[in-house]
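A.B. asks: Here you go, this is run.pdb (PDB, C-alpha atoms).
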```pdb
ATOM      1  CA  MET V 129      -6.005  -3.612 -16.012  1.00  0.00           C
ATOM      2  CA  THR V 130      -4.309  -6.940 -15.425  1.00  0.00           C
ATOM      3  CA  LEU V 131      -3.149  -8.030 -12.001  1.00  0.00           C
ATOM      4  CA  ARG V 132      -0.623 -10.833 -11.840  1.00  0.00           C
ATOM      5  CA  HIS V 133       0.491 -12.618  -8.733  1.00  0.00           C
ATOM      6  CA  ARG V 134       2.955 -15.488  -8.638  1.00  0.00           C
ATOM      7  CA  VAL V 135       1.896 -18.298  -6.298  1.00  0.00           C
ATOM      8  CA  HIS V 136       4.562 -18.877  -3.665  1.00  0.00           C
ATOM      9  CA  GLN V 137       2.972 -21.755  -1.774  1.00  0.00           C
ATOM     10  CA  PRO V 138       1.626 -25.079  -3.012  1.00  0.00           C
ATOM     11  CA  ALA V 139      -2.120 -25.664  -2.980  1.00  0.00           C
ATOM     12  CA  LEU V 140      -3.523 -27.276   0.160  1.00  0.00           C
ATOM     13  CA  PRO V 141      -5.796 -30.324   0.035  1.00  0.00           C
ATOM     14  CA  ALA V 142      -9.467 -29.509   0.656  1.00  0.00           C
ATOM     15  CA  VAL V 143      -9.410 -31.242   4.055  1.00  0.00           C
ATOM     16  CA  ALA V 144      -6.563 -29.014   5.269  1.00  0.00           C
ATOM     17  CA  VAL V 145      -8.307 -25.894   3.962  1.00  0.00           C
ATOM     18  CA  ALA V 146     -11.565 -26.850   5.701  1.00  0.00           C
ATOM     19  CA  ALA V 147      -9.733 -27.475   8.979  1.00  0.00           C
ATOM     20  CA  THR V 148      -7.917 -24.150   8.702  1.00  0.00           C
ATOM     21  CA  ALA V 149     -11.182 -22.308   7.992  1.00  0.00           C
ATOM     22  CA  GLN V 150     -12.831 -23.925  11.020  1.00  0.00           C
ATOM     23  CA  ASP V 151      -9.896 -22.957  13.254  1.00  0.00           C
ATOM     24  CA  THR V 152     -10.102 -19.370  11.980  1.00  0.00           C
ATOM     25  CA  HIS V 153     -13.815 -19.167  12.846  1.00  0.00           C
ATOM     26  CA  ARG V 154     -13.133 -20.317  16.376  1.00  0.00           C
ATOM     27  CA  GLN V 155     -10.511 -17.732  17.319  1.00  0.00           C
ATOM     28  CA  PRO V 156      -9.579 -15.167  14.684  1.00  0.00           C
ATOM     29  CA  PRO V 157      -6.074 -13.798  15.230  1.00  0.00           C
ATOM     30  CA  PHE V 158      -7.060 -10.141  15.316  1.00  0.00           C
ATOM     31  CA  GLY V 159      -6.644  -7.257  17.650  1.00  0.00           C
ATOM     32  CA  THR V 160      -6.995  -3.545  18.161  1.00  0.00           C
ATOM     33  CA  GLU V 161      -5.031  -1.590  20.707  1.00  0.00           C
ATOM     34  CA  LEU V 162      -5.703   1.947  21.866  1.00  0.00           C
ATOM     35  CA  LEU V 163      -2.360   3.767  22.068  1.00  0.00           C
ATOM     36  CA  ASP V 164      -1.537   6.515  24.542  1.00  0.00           C
ATOM     37  CA  GLY V 165      -0.798   9.957  23.163  1.00  0.00           C
ATOM     38  CA  GLU V 166      -2.266  13.364  22.422  1.00  0.00           C
ATOM     39  CA  ALA V 167      -4.332  12.150  19.463  1.00  0.00           C
ATOM     40  CA  LEU V 168      -6.492   9.049  19.393  1.00  0.00           C
ATOM     41  CA  THR V 169      -4.494   6.261  17.745  1.00  0.00           C
ATOM     42  CA  VAL V 170      -5.638   2.671  17.315  1.00  0.00           C
ATOM     43  CA  ARG V 171      -3.229  -0.066  16.221  1.00  0.00           C
ATOM     44  CA  VAL V 172      -4.716  -2.959  14.239  1.00  0.00           C
ATOM     45  CA  THR V 173      -2.935  -6.301  13.971  1.00  0.00           C
ATOM     46  CA  ASP V 174      -3.310  -9.501  11.971  1.00  0.00           C
ATOM     47  CA  PRO V 175      -5.908 -10.066   9.225  1.00  0.00           C
ATOM     48  CA  VAL V 176      -8.797  -7.702   8.634  1.00  0.00           C
ATOM     49  CA  ASP V 177     -11.235  -9.780   6.627  1.00  0.00           C
ATOM     50  CA  VAL V 178     -14.888 -10.818   6.533  1.00  0.00           C
ATOM     51  CA  ILE V 179     -14.501 -12.529   9.917  1.00  0.00           C
ATOM     52  CA  THR V 180     -12.868  -9.617  11.764  1.00  0.00           C
ATOM     53  CA  ALA V 181     -14.201  -6.520   9.951  1.00  0.00           C
ATOM     54  CA  ASP V 182     -17.364  -6.260  12.062  1.00  0.00           C
ATOM     55  CA  GLN V 183     -15.305  -6.341  15.259  1.00  0.00           C
ATOM     56  CA  LEU V 184     -12.996  -3.677  13.831  1.00  0.00           C
ATOM     57  CA  SER V 185     -16.013  -1.526  12.976  1.00  0.00           C
ATOM     58  CA  ARG V 186     -17.350  -1.827  16.534  1.00  0.00           C
ATOM     59  CA  ASP V 187     -13.923  -1.091  18.039  1.00  0.00           C
ATOM     60  CA  LEU V 188     -13.427   2.009  15.877  1.00  0.00           C
ATOM     61  CA  SER V 189     -16.925   3.316  16.537  1.00  0.00           C
ATOM     62  CA  ALA V 190     -16.408   2.905  20.282  1.00  0.00           C
ATOM     63  CA  ALA V 191     -12.962   4.533  20.173  1.00  0.00           C
ATOM     64  CA  THR V 192     -14.216   7.560  18.215  1.00  0.00           C
ATOM     65  CA  HIS V 193     -17.472   7.786  20.182  1.00  0.00           C
ATOM     66  CA  GLY V 194     -19.475   7.377  16.981  1.00  0.00           C
ATOM     67  CA  GLY V 195     -17.197   9.574  14.894  1.00  0.00           C
ATOM     68  CA  VAL V 196     -16.905  12.670  17.094  1.00  0.00           C
ATOM     69  CA  VAL V 197     -13.184  12.155  17.840  1.00  0.00           C
ATOM     70  CA  PRO V 198     -10.543  12.240  15.053  1.00  0.00           C
ATOM     71  CA  LEU V 199      -8.677   8.974  14.585  1.00  0.00           C
ATOM     72  CA  THR V 200      -5.279   7.762  13.460  1.00  0.00           C
ATOM     73  CA  LEU V 201      -5.370   4.100  12.506  1.00  0.00           C
ATOM     74  CA  ASP V 202      -2.040   2.246  12.544  1.00  0.00           C
ATOM     75  CA  LEU V 203      -2.230  -0.606  10.030  1.00  0.00           C
ATOM     76  CA  CYS V 204       1.471  -1.578  10.185  1.00  0.00           C
ATOM     77  CA  GLY V 205       0.618  -4.910  11.841  1.00  0.00           C
ATOM     78  CA  VAL V 206      -2.120  -5.870   9.380  1.00  0.00           C
ATOM     79  CA  THR V 207      -1.248  -9.070   7.504  1.00  0.00           C
ATOM     80  CA  LEU V 208      -4.318  -9.066   5.225  1.00  0.00           C
ATOM     81  CA  LEU V 209      -6.723  -6.298   4.275  1.00  0.00           C
ATOM     82  CA  ALA V 210      -9.715  -7.836   2.529  1.00  0.00           C
ATOM     83  CA  GLY V 211     -12.752  -6.177   0.972  1.00  0.00           C
ATOM     84  CA  ALA V 212     -14.754  -6.226   4.192  1.00  0.00           C
ATOM     85  CA  GLY V 213     -11.913  -4.417   5.946  1.00  0.00           C
ATOM     86  CA  VAL V 214     -11.748  -1.814   3.180  1.00  0.00           C
ATOM     87  CA  ARG V 215     -15.496  -1.253   3.541  1.00  0.00           C
ATOM     88  CA  THR V 216     -14.982  -0.694   7.280  1.00  0.00           C
ATOM     89  CA  LEU V 217     -12.273   1.890   6.576  1.00  0.00           C
ATOM     90  CA  TYR V 218     -14.508   3.751   4.114  1.00  0.00           C
ATOM     91  CA  ASP V 219     -17.455   3.626   6.546  1.00  0.00           C
ATOM     92  CA  THR V 220     -15.311   4.929   9.408  1.00  0.00           C
ATOM     93  CA  SER V 221     -13.922   7.681   7.182  1.00  0.00           C
ATOM     94  CA  ARG V 222     -17.463   8.767   6.209  1.00  0.00           C
ATOM     95  CA  GLN V 223     -18.609   8.665   9.834  1.00  0.00           C
ATOM     96  CA  LEU V 224     -15.710  10.896  10.895  1.00  0.00           C
ATOM     97  CA  ALA V 225     -16.217  13.250   7.934  1.00  0.00           C
ATOM     98  CA  ALA V 226     -19.844  13.767   9.002  1.00  0.00           C
ATOM     99  CA  HIS V 227     -18.409  15.332  12.181  1.00  0.00           C
ATOM    100  CA  GLN V 228     -15.733  17.307  10.275  1.00  0.00           C
ATOM    101  CA  HIS V 229     -12.989  14.911  11.372  1.00  0.00           C
ATOM    102  CA  ARG V 230     -10.504  12.900   9.406  1.00  0.00           C
ATOM    103  CA  LEU V 231      -9.350   9.295   9.422  1.00  0.00           C
ATOM    104  CA  THR V 232      -5.572   9.131   9.118  1.00  0.00           C
ATOM    105  CA  LEU V 233      -4.282   5.749   7.966  1.00  0.00           C
ATOM    106  CA  VAL V 234      -0.678   4.795   8.726  1.00  0.00           C
ATOM    107  CA  THR V 235       1.095   1.765   7.301  1.00  0.00           C
ATOM    108  CA  ALA V 236       4.563   0.541   6.393  1.00  0.00           C
ATOM    109  CA  PRO V 237       5.748   1.022   2.811  1.00  0.00           C
ATOM    110  CA  ALA V 238       5.027  -1.971   0.543  1.00  0.00           C
ATOM    111  CA  SER V 239       3.074  -3.719   3.315  1.00  0.00           C
ATOM    112  CA  PRO V 240      -0.042  -5.782   2.521  1.00  0.00           C
ATOM    113  CA  ALA V 241      -2.208  -2.906   3.765  1.00  0.00           C
ATOM    114  CA  ALA V 242      -0.323  -0.316   1.675  1.00  0.00           C
ATOM    115  CA  LEU V 243      -0.765  -2.390  -1.483  1.00  0.00           C
ATOM    116  CA  ILE V 244      -4.535  -2.640  -0.964  1.00  0.00           C
ATOM    117  CA  LEU V 245      -4.908   1.017   0.052  1.00  0.00           C
ATOM    118  CA  ASP V 246      -3.191   1.979  -3.200  1.00  0.00           C
ATOM    119  CA  LEU V 247      -5.606  -0.217  -5.167  1.00  0.00           C
ATOM    120  CA  VAL V 248      -8.731   1.212  -3.529  1.00  0.00           C
ATOM    121  CA  ASP V 249      -7.442   4.789  -3.564  1.00  0.00           C
ATOM    122  CA  LEU V 250      -7.475   5.375   0.196  1.00  0.00           C
ATOM    123  CA  PRO V 251      -4.811   7.918   1.219  1.00  0.00           C
ATOM    124  CA  TYR V 252      -2.287   6.920   3.889  1.00  0.00           C
ATOM    125  CA  VAL V 253       1.010   7.993   5.366  1.00  0.00           C
ATOM    126  CA  THR V 254       3.960   5.644   5.712  1.00  0.00           C
ATOM    127  CA  SER V 255       5.740   4.727   8.882  1.00  0.00           C
ATOM    128  CA  ASN V 256       9.169   3.155   9.155  1.00  0.00           C
ATOM    129  CA  ALA V 257       8.423   1.806  12.628  1.00  0.00           C
TER     130      ALA V 257
END
```
Is it possible to express this structure as structure tokens?

C.D. replies:
Amino acid sequence: MTLRHRVHQPALPAVAVAATAQDTHRQPPFGTELLDGEALTVRVTDPVDVITADQLSRDLSAATHGGVVPLTLDLCGVTLLAGAGVRTLYDTSRQLAAHQHRLTLVTAPASPAALILDLVDLPYVTSNA
């Protein structure tokens, strides 16, 4: 399998990259929000990467009370879904399955999250919202 991706932005000098990485470590732009409704729904925003995946894991575990409550995870606001985030989704799915519950992933069609979920074979439903 060959994956091709056209670069749309010029490369940044190493100094700018280092400064950006340091800023990211200080305050990662990431959030989870518990939504009101009949079923437990959590909305995730911004990047889910190696920096934010542990926080996401803790938030999801707390929201599901360790996997005993079924969960719908809204990924429409996710701008990046990296490997660490995918691992968190698989771990949460396994934790819920151990209690005979299901993780339902929701994302917008052709979004960054949808593209990665397709690659890693995680089922999801699409939302036009």

A.B. asks: Which residues are near Tyr252 (chain V)? Cut-off 8 Å, all atoms listed in the file, ignore same chain within fewer than 3 positions. Put them as a list in words.

C.D. replies: Thr232, Leu233, Val234, Thr235, Ala242 and Leu245 of chain V

A.B. asks: Pull out every residue that the PyMOL selection byres ((chain V and resi 236) around 6) matches in the shown coordinates and put them as a count of residues only.

C.D. replies: 7

A.B. asks: So what does the PyMOL selection byres ((chain V and resi 207-211) around 6) actually pick up in this one, as a CSV table (one decimal) with C-alpha atoms, in the coordinates of the input?

C.D. replies:
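And here's selection_34.csv as it stands now:
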```csv
chain,number,residue,atom,x,y,z
V,174,ASP,CA,-3.3,-9.5,12.0
V,175,PRO,CA,-5.9,-10.1,9.2
V,176,VAL,CA,-8.8,-7.7,8.6
V,177,ASP,CA,-11.2,-9.8,6.6
V,206,VAL,CA,-2.1,-5.9,9.4
V,212,ALA,CA,-14.8,-6.2,4.2
V,213,GLY,CA,-11.9,-4.4,5.9
V,214,VAL,CA,-11.7,-1.8,3.2
V,241,ALA,CA,-2.2,-2.9,3.8
```

A.B. asks: Considering all atoms listed in the file, tabulate each residue of region 214-243 of chain V that lies at most 8 Å from region 181-200 of chain V along with its nearest interatomic pair and the corresponding distance in Å to one decimal; arrange the rows by chain and ascending residue number and present them as a Markdown table.

C.D. replies:
```
| residue | atom | partner | partner_atom | distance |
| --- | --- | --- | --- | --- |
| V:Thr216 | CA | V:Ser185 | CA | 5.8 |
| V:Thr220 | CA | V:Leu188 | CA | 7.3 |
| V:Gln223 | CA | V:Gly195 | CA | 5.3 |
| V:Leu224 | CA | V:Gly195 | CA | 4.5 |
| V:Ala225 | CA | V:Gly195 | CA | 7.9 |
| V:Ala226 | CA | V:Gly195 | CA | 7.7 |
| V:His227 | CA | V:Val196 | CA | 5.8 |
| V:His229 | CA | V:Pro198 | CA | 5.2 |
| V:Arg230 | CA | V:Pro198 | CA | 5.7 |
| V:Leu231 | CA | V:Leu199 | CA | 5.2 |
| V:Thr232 | CA | V:Thr200 | CA | 4.6 |
| V:Leu233 | CA | V:Thr200 | CA | 5.9 |
| V:Val234 | CA | V:Thr200 | CA | 7.2 |
```

A.B. asks: So, counting only C-alpha atoms, which residue among V:Arg215, V:Arg222, V:Ile179, V:Gln228 is closest to Ile244 (chain V)?

C.D. replies: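 Smallest separation from Ile244 (chain V) among the options: V:Arg215.
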
A.B. asks: Might I get the box with edges along x, y and z of the file that holds all atoms of region 195-207 of chain V listed there, padded by 8 Å on every side, given as centre and edge lengths in Å to one decimal, as AutoDock Vina command-line options?

C.D. replies:
```
--center_x -7.9 --center_y 1.8 --center_z 12.7 --size_x 34.7 --size_y 37.7 --size_z 26.3
```

A.B. asks: Between CA of Leu217 (chain V) and CA of Leu250 (chain V), what is the spacing in Å?

C.D. replies: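 Computing it gives 8.7 Å between the two atoms.
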
A.B. asks: Take CA of Leu203 (chain V) and CA of Pro240 (chain V) and report the distance between them in Å, one decimal.

C.D. replies: 9.4 Å

A.B. asks: By how many Å are CA of Gly205 (chain V) and CA of Gly159 (chain V) apart?

C.D. replies: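 Computing the Euclidean distance for CA of Gly205 (chain V) and CA of Gly159 (chain V) yields 9.6 Å.
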
A.B. asks: Write out as a list in words the residues lying within 7 Å of Arg171 (chain V), counting only C-alpha atoms and excluding same-chain residues fewer than 2 positions away.

C.D. replies: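 Returned residues: Thr160, Glu161, Leu162, Thr169, Thr173, Leu201, Asp202 and Leu203 of chain V.
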